[in-house]
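Note: the block below is entry10.pdb and it holds PDB, C-alpha atoms.
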ATOM      1  CA  MET R  27     194.382  80.008 128.414
ATOM      2  CA  LYS R  28     194.552  80.277 124.619
ATOM      3  CA  ARG R  29     191.268  78.381 124.185
ATOM      4  CA  LYS R  30     189.666  80.550 126.849
ATOM      5  CA  SER R  31     190.819  83.723 125.072
ATOM      6  CA  VAL R  32     189.398  82.510 121.756
ATOM      7  CA  PHE R  33     186.104  81.779 123.477
ATOM      8  CA  LEU R  34     185.976  85.244 125.047
ATOM      9  CA  VAL R  35     186.702  86.910 121.704
ATOM     10  CA  ALA R  36     183.938  84.908 120.060
ATOM     11  CA  LEU R  37     181.533  85.786 122.867
ATOM     12  CA  VAL R  38     182.320  89.502 122.608
ATOM     13  CA  ALA R  39     181.838  89.367 118.830
ATOM     14  CA  PHE R  40     178.493  87.593 119.251
ATOM     15  CA  MET R  41     177.308  90.090 121.864
ATOM     16  CA  GLY R  42     178.324  92.956 119.582
ATOM     17  CA  PHE R  43     176.330  91.450 116.719
ATOM     18  CA  SER R  44     173.328  90.855 118.938
ATOM     19  CA  THR R  45     173.378  94.363 120.366
ATOM     20  CA  ALA R  46     173.385  95.814 116.887
ATOM     21  CA  ASN R  47     170.647  93.600 115.483
ATOM     22  CA  ALA R  48     168.407  92.450 118.342
ATOM     23  CA  GLN R  49     165.418  94.724 118.548
ATOM     24  CA  ILE R  50     161.961  93.537 119.505
ATOM     25  CA  ASN R  51     159.165  94.445 117.140
ATOM     26  CA  LEU R  52     155.956  92.674 118.017
ATOM     27  CA  GLY R  53     154.307  93.946 114.874
ATOM     28  CA  GLU R  54     156.538  91.604 112.880
ATOM     29  CA  LYS R  55     155.850  87.930 113.422
ATOM     30  CA  ALA R  56     159.212  86.623 112.253
ATOM     31  CA  LEU R  57     161.949  87.217 114.785
ATOM     32  CA  GLY R  58     165.019  84.997 114.572
ATOM     33  CA  ALA R  59     165.903  82.732 117.481
ATOM     34  CA  VAL R  60     169.164  84.585 118.146
ATOM     35  CA  GLN R  61     167.354  87.942 118.174
ATOM     36  CA  LYS R  62     164.584  86.640 120.412
ATOM     37  CA  GLY R  63     166.921  84.966 122.858
ATOM     38  CA  TYR R  64     169.048  88.057 123.344
ATOM     39  CA  THR R  65     166.110  90.466 123.449
ATOM     40  CA  GLY R  66     164.544  88.292 126.136
ATOM     41  CA  PHE R  67     167.488  88.971 128.418
ATOM     42  CA  THR R  68     167.401  92.714 127.768
ATOM     43  CA  PHE R  69     163.656  93.039 128.166
ATOM     44  CA  SER R  70     162.668  96.651 128.833
ATOM     45  CA  ASN R  71     159.478  97.982 130.395
ATOM     46  CA  GLU R  72     158.362  99.023 126.909
ATOM     47  CA  ASP R  73     159.032  95.541 125.520
ATOM     48  CA  ALA R  74     157.020  93.973 128.320
ATOM     49  CA  ALA R  75     154.137  96.397 127.791
ATOM     50  CA  LYS R  76     154.012  95.716 124.036
ATOM     51  CA  MET R  77     154.071  91.962 124.477
ATOM     52  CA  SER R  78     151.543  92.039 127.313
ATOM     53  CA  LYS R  79     149.137  94.189 125.326
ATOM     54  CA  GLN R  80     149.231  91.775 122.416
ATOM     55  CA  ALA R  81     148.883  88.707 124.638
ATOM     56  CA  VAL R  82     145.946  90.242 126.537
ATOM     57  CA  ALA R  83     144.229  91.154 123.259
ATOM     58  CA  LYS R  84     144.393  87.481 122.292
ATOM     59  CA  MET R  85     143.037  86.393 125.685
ATOM     60  CA  ASP R  86     140.222  88.934 125.434
ATOM     61  CA  ALA R  87     139.229  87.466 122.085
ATOM     62  CA  GLU R  88     139.076  83.986 123.610
ATOM     63  CA  HIS R  89     137.027  84.851 126.714
ATOM     64  CA  VAL R  90     133.478  85.967 127.307
ATOM     65  CA  ILE R  91     133.701  89.598 128.452
ATOM     66  CA  ALA R  92     130.914  91.333 130.334
ATOM     67  CA  GLY R  93     129.500  94.143 128.201
ATOM     68  CA  PRO R  94     129.615  97.853 129.100
ATOM     69  CA  THR R  95     126.104  97.846 130.570
ATOM     70  CA  ASP R  96     126.447  94.508 132.327
ATOM     71  CA  PRO R  97     126.039  94.773 136.145
ATOM     72  CA  TYR R  98     129.516  93.314 136.681
ATOM     73  CA  THR R  99     131.145  95.927 134.438
ATOM     74  CA  VAL R 100     129.100  98.730 135.966
ATOM     75  CA  ARG R 101     130.172  97.616 139.421
ATOM     76  CA  LEU R 102     133.854  97.363 138.492
ATOM     77  CA  ASN R 103     133.820 100.815 136.904
ATOM     78  CA  LYS R 104     132.170 102.222 140.004
ATOM     79  CA  ILE R 105     134.782 100.631 142.257
ATOM     80  CA  PHE R 106     137.931 101.252 140.282
ATOM     81  CA  GLY R 107     137.059 103.214 137.152
ATOM     82  CA  LYS R 108     138.484 106.486 138.410
ATOM     83  CA  TYR R 109     141.968 104.959 138.571
ATOM     84  CA  THR R 110     142.513 104.792 134.815
ATOM     85  CA  ASN R 111     145.681 106.855 135.145
ATOM     86  CA  ALA R 112     147.632 105.974 138.252
ATOM     87  CA  TYR R 113     151.229 105.187 139.172
ATOM     88  CA  GLY R 114     152.390 106.227 135.713
ATOM     89  CA  LEU R 115     150.182 103.591 134.086
ATOM     90  CA  GLU R 116     147.244 103.805 131.714
ATOM     91  CA  LEU R 117     144.985 101.194 133.268
ATOM     92  CA  ASN R 118     142.157  99.484 131.417
ATOM     93  CA  TYR R 119     139.604  97.144 133.009
ATOM     94  CA  LYS R 120     137.461  94.287 131.820
ATOM     95  CA  VAL R 121     135.463  91.503 133.451
ATOM     96  CA  TYR R 122     135.929  87.895 132.371
ATOM     97  CA  VAL R 123     132.765  85.837 132.775
ATOM     98  CA  LEU R 124     134.350  82.919 134.602
ATOM     99  CA  LYS R 125     133.488  81.176 137.855
ATOM    100  CA  GLU R 126     137.138  81.068 138.881
ATOM    101  CA  VAL R 127     138.158  83.268 141.812
ATOM    102  CA  ASN R 128     140.912  85.233 140.146
ATOM    103  CA  ALA R 129     142.180  88.562 138.825
ATOM    104  CA  PHE R 130     145.362  89.645 137.108
ATOM    105  CA  ALA R 131     147.150  92.721 135.825
ATOM    106  CA  THR R 132     149.809  92.841 133.126
ATOM    107  CA  ALA R 133     152.725  95.113 132.317
ATOM    108  CA  ASP R 134     150.735  97.183 129.816
ATOM    109  CA  GLY R 135     148.219  98.177 132.506
ATOM    110  CA  SER R 136     145.494  95.693 131.580
ATOM    111  CA  VAL R 137     143.424  94.587 134.573
ATOM    112  CA  ARG R 138     141.103  91.605 134.237
ATOM    113  CA  VAL R 139     138.742  90.543 137.018
ATOM    114  CA  TYR R 140     136.779  87.289 136.998
ATOM    115  CA  THR R 141     133.092  87.229 137.884
ATOM    116  CA  GLY R 142     133.844  84.406 140.330
ATOM    117  CA  LEU R 143     135.929  86.795 142.412
ATOM    118  CA  MET R 144     133.299  89.529 142.245
ATOM    119  CA  ASP R 145     130.674  87.075 143.487
ATOM    120  CA  VAL R 146     132.479  86.392 146.774
ATOM    121  CA  MET R 147     134.098  89.727 147.643
ATOM    122  CA  ASP R 148     132.543  93.068 148.441
ATOM    123  CA  ASP R 149     133.750  96.344 146.948
ATOM    124  CA  ASN R 150     136.493  97.025 149.493
ATOM    125  CA  GLU R 151     137.811  93.473 149.296
ATOM    126  CA  LEU R 152     137.899  93.709 145.505
ATOM    127  CA  LEU R 153     139.923  96.898 145.840
ATOM    128  CA  VAL R 154     142.440  94.937 147.887
ATOM    129  CA  VAL R 155     142.865  92.191 145.280
ATOM    130  CA  ILE R 156     143.052  94.619 142.359
ATOM    131  CA  GLY R 157     145.473  96.798 144.308
ATOM    132  CA  HIS R 158     147.623  93.734 144.952
ATOM    133  CA  GLU R 159     147.739  92.893 141.234
ATOM    134  CA  ILE R 160     148.570  96.472 140.273
ATOM    135  CA  GLY R 161     151.296  96.338 142.902
ATOM    136  CA  HIS R 162     152.952  93.584 140.868
ATOM    137  CA  VAL R 163     152.921  95.873 137.825
ATOM    138  CA  VAL R 164     154.281  98.896 139.700
ATOM    139  CA  ASN R 165     156.973  96.760 141.353
ATOM    140  CA  LYS R 166     158.017  95.418 137.912
ATOM    141  CA  ASP R 167     157.063  91.839 138.852
ATOM    142  CA  SER R 168     154.716  91.685 135.847
ATOM    143  CA  ARG R 169     157.529  92.847 133.578
ATOM    144  CA  ASP R 170     159.730  90.045 134.904
ATOM    145  CA  ALA R 171     156.915  87.536 134.374
ATOM    146  CA  ALA R 172     156.514  88.643 130.744
ATOM    147  CA  ARG R 173     160.285  88.447 130.308
ATOM    148  CA  ALA R 174     160.404  84.900 131.699
ATOM    149  CA  ALA R 175     157.533  83.797 129.458
ATOM    150  CA  TYR R 176     159.239  85.308 126.443
ATOM    151  CA  GLN R 177     162.540  83.616 127.256
ATOM    152  CA  LYS R 178     160.778  80.273 127.439
ATOM    153  CA  GLU R 179     159.387  80.764 123.957
ATOM    154  CA  ALA R 180     162.832  81.901 122.774
ATOM    155  CA  LEU R 181     164.245  78.550 123.914
ATOM    156  CA  ILE R 182     161.575  76.755 121.927
ATOM    157  CA  ASP R 183     162.520  78.783 118.878
ATOM    158  CA  GLY R 184     166.198  78.107 119.548
ATOM    159  CA  ALA R 185     165.530  74.394 119.217
ATOM    160  CA  ALA R 186     163.596  74.977 116.009
ATOM    161  CA  SER R 187     166.426  77.063 114.573
ATOM    162  CA  GLN R 188     168.694  73.998 114.567
ATOM    163  CA  SER R 189     166.902  72.869 111.427
ATOM    164  CA  GLY R 190     167.549  76.209 109.771
ATOM    165  CA  THR R 191     163.967  77.439 110.036
ATOM    166  CA  ILE R 192     163.207  81.000 111.125
ATOM    167  CA  ALA R 193     161.282  81.039 114.391
ATOM    168  CA  ALA R 194     158.245  83.285 114.728
ATOM    169  CA  VAL R 195     155.998  84.615 117.450
ATOM    170  CA  THR R 196     152.919  82.660 116.469
ATOM    171  CA  ASP R 197     149.425  83.089 117.829
ATOM    172  CA  SER R 198     149.884  79.804 119.660
ATOM    173  CA  GLN R 199     153.059  81.042 121.345
ATOM    174  CA  LEU R 200     151.355  84.332 122.168
ATOM    175  CA  GLY R 201     148.604  82.348 123.892
ATOM    176  CA  LYS R 202     151.196  80.415 125.880
ATOM    177  CA  ILE R 203     152.899  83.641 126.892
ATOM    178  CA  GLY R 204     149.590  85.079 128.081
ATOM    179  CA  SER R 205     148.791  81.974 130.117
ATOM    180  CA  ALA R 206     152.295  81.969 131.577
ATOM    181  CA  MET R 207     151.919  85.582 132.686
ATOM    182  CA  ILE R 208     148.661  84.780 134.476
ATOM    183  CA  ASP R 209     150.108  81.663 136.105
ATOM    184  CA  SER R 210     153.464  83.269 136.889
ATOM    185  CA  LYS R 211     155.009  82.197 140.168
ATOM    186  CA  HIS R 212     156.107  85.338 141.951
ATOM    187  CA  SER R 213     158.437  84.915 144.889
ATOM    188  CA  ARG R 214     157.106  85.122 148.422
ATOM    189  CA  LYS R 215     158.992  88.405 148.773
ATOM    190  CA  GLN R 216     157.262  89.817 145.698
ATOM    191  CA  GLU R 217     153.881  88.661 146.978
ATOM    192  CA  SER R 218     154.480  90.229 150.379
ATOM    193  CA  GLU R 219     155.514  93.500 148.744
ATOM    194  CA  ALA R 220     152.356  93.456 146.602
ATOM    195  CA  ASP R 221     150.290  92.837 149.764
ATOM    196  CA  LEU R 222     151.909  95.876 151.353
ATOM    197  CA  PHE R 223     151.202  97.891 148.202
ATOM    198  CA  ALA R 224     147.510  96.947 148.442
ATOM    199  CA  TYR R 225     147.381  97.951 152.111
ATOM    200  CA  GLU R 226     149.056 101.305 151.421
ATOM    201  CA  PHE R 227     146.736 101.885 148.462
ATOM    202  CA  MET R 228     143.707 101.392 150.709
ATOM    203  CA  LYS R 229     145.166 103.631 153.398
ATOM    204  CA  LYS R 230     146.266 106.403 151.035
ATOM    205  CA  ASN R 231     142.883 106.621 149.319
ATOM    206  CA  GLY R 232     140.808 106.571 152.485
ATOM    207  CA  TYR R 233     139.397 103.055 152.181
ATOM    208  CA  ASP R 234     138.945 100.659 155.087
ATOM    209  CA  VAL R 235     142.324  98.953 155.489
ATOM    210  CA  ASN R 236     140.692  96.181 157.478
ATOM    211  CA  ALA R 237     139.308  94.859 154.199
ATOM    212  CA  VAL R 238     142.825  93.557 153.512
ATOM    213  CA  GLU R 239     142.567  91.098 156.387
ATOM    214  CA  SER R 240     139.035  90.204 155.301
ATOM    215  CA  ALA R 241     140.015  89.541 151.671
ATOM    216  CA  PHE R 242     142.788  87.147 152.640
ATOM    217  CA  SER R 243     140.554  85.483 155.218
ATOM    218  CA  ILE R 244     138.041  84.740 152.459
ATOM    219  CA  LEU R 245     140.771  83.128 150.350
ATOM    220  CA  ALA R 246     141.912  81.121 153.364
ATOM    221  CA  LYS R 247     138.393  79.798 153.965
ATOM    222  CA  MET R 248     137.850  78.997 150.303
ATOM    223  CA  SER R 249     141.123  77.076 150.125
ATOM    224  CA  GLU R 250     139.574  74.645 152.596
ATOM    225  CA  GLY R 251     136.307  74.321 150.679
ATOM    226  CA  ALA R 252     134.993  73.286 147.296
ATOM    227  CA  GLN R 253     137.492  75.371 145.336
ATOM    228  CA  SER R 254     140.498  74.134 147.279
ATOM    229  CA  ASP R 255     142.146  72.436 144.278
ATOM    230  CA  PHE R 256     142.009  75.559 142.111
ATOM    231  CA  LEU R 257     143.029  77.917 144.889
ATOM    232  CA  THR R 258     145.899  75.674 145.938
ATOM    233  CA  LYS R 259     147.231  75.865 142.393
ATOM    234  CA  MET R 260     146.654  79.605 142.129
ATOM    235  CA  MET R 261     148.141  80.421 145.517
ATOM    236  CA  SER R 262     150.974  77.867 145.495
ATOM    237  CA  SER R 263     153.699  80.513 145.397
ATOM    238  CA  HIS R 264     151.893  82.940 147.669
ATOM    239  CA  PRO R 265     152.427  83.187 151.406
ATOM    240  CA  ASP R 266     149.754  81.364 153.402
ATOM    241  CA  SER R 267     146.468  83.299 153.215
ATOM    242  CA  LYS R 268     145.956  83.078 156.985
ATOM    243  CA  GLU R 269     149.435  84.487 157.492
ATOM    244  CA  ARG R 270     148.704  87.308 155.062
ATOM    245  CA  ALA R 271     145.470  88.129 156.863
ATOM    246  CA  GLU R 272     147.320  88.212 160.171
ATOM    247  CA  ASN R 273     150.017  90.483 158.731
ATOM    248  CA  ALA R 274     147.333  92.883 157.492
ATOM    249  CA  ARG R 275     145.748  92.923 160.916
ATOM    250  CA  LYS R 276     149.085  93.730 162.563
ATOM    251  CA  ARG R 277     149.637  96.628 160.153
ATOM    252  CA  ALA R 278     146.203  98.040 160.930
ATOM    253  CA  GLU R 279     146.795  97.678 164.668
ATOM    254  CA  LYS R 280     150.173  99.398 164.369
ATOM    255  CA  ASP R 281     148.532 102.286 162.499
ATOM    256  CA  GLY R 282     145.766 102.484 165.091
ATOM    257  CA  LEU R 283     143.182 101.688 162.422
ATOM    258  CA  TYR R 284     142.134  98.175 163.353
ATOM    259  CA  LYS R 285     138.520  97.253 163.874
ATOM    260  CA  PRO R 286     136.650  94.085 162.941
ATOM    261  CA  TYR R 287     135.652  94.291 159.299
ATOM    262  CA  VAL R 288     132.008  93.681 158.427
ATOM    263  CA  HIS R 289     131.809  91.896 155.098
ATOM    264  CA  GLN R 290     129.028  93.169 152.865
ATOM    265  CA  THR R 291     127.468  90.380 150.853
ATOM    266  CA  PRO R 292     127.817  91.414 147.202
ATOM    267  CA  VAL R 293     124.679  91.546 145.129
ATOM    268  CA  VAL R 294     125.158  88.809 142.601
ATOM    269  CA  THR R 295     123.412  89.574 139.340
ATOM    270  CA  PRO R 296     123.822  86.988 136.593
ATOM    271  CA  VAL R 297     125.312  88.116 133.306
ATOM    272  CA  LYS R 298     122.634  88.742 130.738
ATOM    273  CA  THR R 299     123.110  86.694 127.642
ATOM    274  CA  THR R 300     121.165  87.022 124.442
ATOM    275  CA  LYS R 301     119.903  83.706 123.256
ATOM    276  CA  PRO R 302     119.260  83.214 119.565
ATOM    277  CA  ALA R 303     115.594  83.375 118.694
ATOM    278  CA  ALA R 304     113.987  79.990 118.655
ATOM    279  CA  LYS R 305     112.960  78.779 115.270
ATOM    280  CA  THR R 306     109.233  78.489 114.832
ATOM    281  CA  THR R 307     107.954  75.686 112.735
ATOM    282  CA  THR R 308     104.529  75.639 111.189
ATOM    283  CA  LYS R 309     102.879  72.297 111.155
ATOM    284  CA  LYS R 310     101.176  71.466 107.939
ATOM    285  CA  LYS R 311      97.590  70.450 108.271
ATOM    286  CA  THR R 312      96.941  67.050 106.903
ATOM    287  CA  THR R 313      93.602  66.147 105.452
ATOM    288  CA  THR R 314      92.324  62.681 105.066
ATOM    289  CA  LYS R 315      90.205  61.763 102.124
ATOM    290  CA  LYS R 316      86.930  60.197 102.950
TER
END

In structure tokens, write the structure found in this file.
Amino acid sequence: MKRKSVFLVALVAFMGFSTANAQINLGEKALGAVQKGYTGFTFSNEDAAKMSKQAVAKMDAEHVIAGPTDPYTVRLNKIFGKYTNAYGLELNYKVYVLKEVNAFATADGSVRVYTGLMDVMDDNELLVVIGHEIGHVVNKDSRDAARAAYQKEALIDGAASQSGTIAAVTDSQLGKIGSAMIDSKHSRKQESEADLFAYEFMKKNGYDVNAVESAFSILAKMSEGAQSDFLTKMMSSHPDSKERAENARKRAEKDGLYKPYVHQTPVVTPVKTTKPAAKTTTKKKTTTKK
């Protein structure tokens, strides 16, 4: 009992110290391991937003982004641009020029859509996927993902602190945190709730709710095709896409809104890239003496 009491006193003293000193400041790149570890467990919405914004800025710098006049960007703005302020979030959108079928949203309201996804889904289906990702933000799943990623880095720093060095949030760690947020494994419950959010978003704003079934049907078909390896990895924590499509259909039937959805083949316009001007070389004329 005596040893237990000593331990509890020490724990209370440590928690008191941490509460007084642990405060996240992402502008400073030298947070101690003790500070980082404790802050990770008390991660607020504001903390998650700050970290996400910084991580996304790094990812933006490392990806090819479709320009403001690019057909992909124009299309995305047309589809979702009017929702820059929704659900208490300041949303910002960009298109990553990648063949992968993916999209993500982070706790700071950043939404990134891959050209690969835009190539296979029509406007309504894209609304479904983006709505699903925003659902994760609204439901605080994205905050929890940022928190988990931060805690993982805190553990790395904790190991480094054994040698007496001061751990820091390096660019490398920031990149890992960003990747972890994109690849975060939400629970099946969280995924189902985000699916419901997407359905209700479509219904509330007067879009065709049957696009929800269609979007998940596309993912189900693709998981059996050429992109099966990537999609299996991406969707590993998600409920089965066929099951999700069926659930969407049941919701539409219950609401009296079901009708077969007609997929509109998206117009795929390649991203315009500016190639450097080719160097012109002037051949020297050679003369032969007679």

Selection near region 214-220 of chain R, 10 Å with only C-alpha atoms, sequence-local residues under 6 positions removed, as a list in words:
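Within the cut-off, the hits are Val155, Gly157, His158, Glu159, Ile160, Gly161, His162, Val163, Val164, Asn165, Lys166, Asp167, Glu226, Ser262, Ser263, His264, Pro265, Asp266, Arg270 and Asn273 of chain R.
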
Under the rule of at most 10 Å, produce a per-residue listing of region 83-154 of chain R near region 232-235 of chain R: chain, number, name, the closest pair of atoms, and the distance in Å, as a Markdown table, using only C-alpha atoms.
| residue | atom | partner | partner_atom | distance |
| --- | --- | --- | --- | --- |
| R:Asn150 | CA | R:Asp234 | CA | 7.1 |
| R:Glu151 | CA | R:Asp234 | CA | 9.3 |
| R:Leu153 | CA | R:Tyr233 | CA | 8.9 |
| R:Val154 | CA | R:Val235 | CA | 8.6 |

Could you state the separation of CA of Gly135 (chain R) and CA of Val238 (chain R) in Å, given to one decimal place?
22.2 Å

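One distance worth recording is that between CA of Ala175 (chain R) and CA of Leu200 (chain R), which is 9.6 Å.
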
Would you pick out the contacts of Ala92 (chain R) at 10 Å or less, using all atoms listed in the file, so that residues sharing its chain but fewer than 3 positions from it are not included, and give the list as a ChimeraX atom specification?
/R:89,95-100,120-123,140-141,297-299

Taking (140.2, 91.5, 158.8) in the file's coordinates, which residues come within 8 Å, counting all atoms listed in the file, written as a list in words?
Asn236, Ala237, Val238, Glu239, Ser240, Ala241, Phe242, Ser243, Ala271, Glu272, Ala274, Arg275, Lys285, Pro286 and Tyr287 of chain R

Near region 105-119 of chain R, counting only C-alpha atoms, which residues have an atom at most 6 Å away, once you skip same-chain residues fewer than 3 positions from it, shown as a ChimeraX atom specification?
/R:102,135-138

Take CA of Ser205 (chain R) and CA of Ala81 (chain R) and report the distance between them in Å, one decimal.
8.7 Å

Using only C-alpha atoms, find each residue in region 105-201 of chain R having at least one atom no more than 10 Å away from region 208-211 of chain R; report its shortest atom-to-atom pair and that distance in Å (one decimal), rows by chain then rising number, as a Markdown table.
| residue | atom | partner | partner_atom | distance |
| --- | --- | --- | --- | --- |
| R:Asn128 | CA | R:Ile208 | CA | 9.6 |
| R:Ala129 | CA | R:Ile208 | CA | 8.7 |
| R:Phe130 | CA | R:Ile208 | CA | 6.4 |
| R:Ala131 | CA | R:Ile208 | CA | 8.2 |
| R:Thr132 | CA | R:Ile208 | CA | 8.3 |
| R:Asp167 | CA | R:Ser210 | CA | 9.5 |
| R:Ser168 | CA | R:Ser210 | CA | 8.6 |
| R:Asp170 | CA | R:Ser210 | CA | 9.4 |
| R:Ala171 | CA | R:Ser210 | CA | 6.0 |
| R:Ala172 | CA | R:Ser210 | CA | 8.7 |
| R:Ala174 | CA | R:Ser210 | CA | 8.8 |
| R:Ala175 | CA | R:Ser210 | CA | 8.5 |

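Distance check against Gly204 (chain R) using all atoms listed in the file: of R:Arg173, R:Lys229, R:Val127, R:Ile91, the minimum falls on R:Arg173.
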
Could you tell me which of R:Asp149, R:Glu72, R:Glu269, R:Asp86 comes closest to Met228 (chain R) if we count only C-alpha atoms?
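Result for the nearest residue to Met228 (chain R): R:Asp149.
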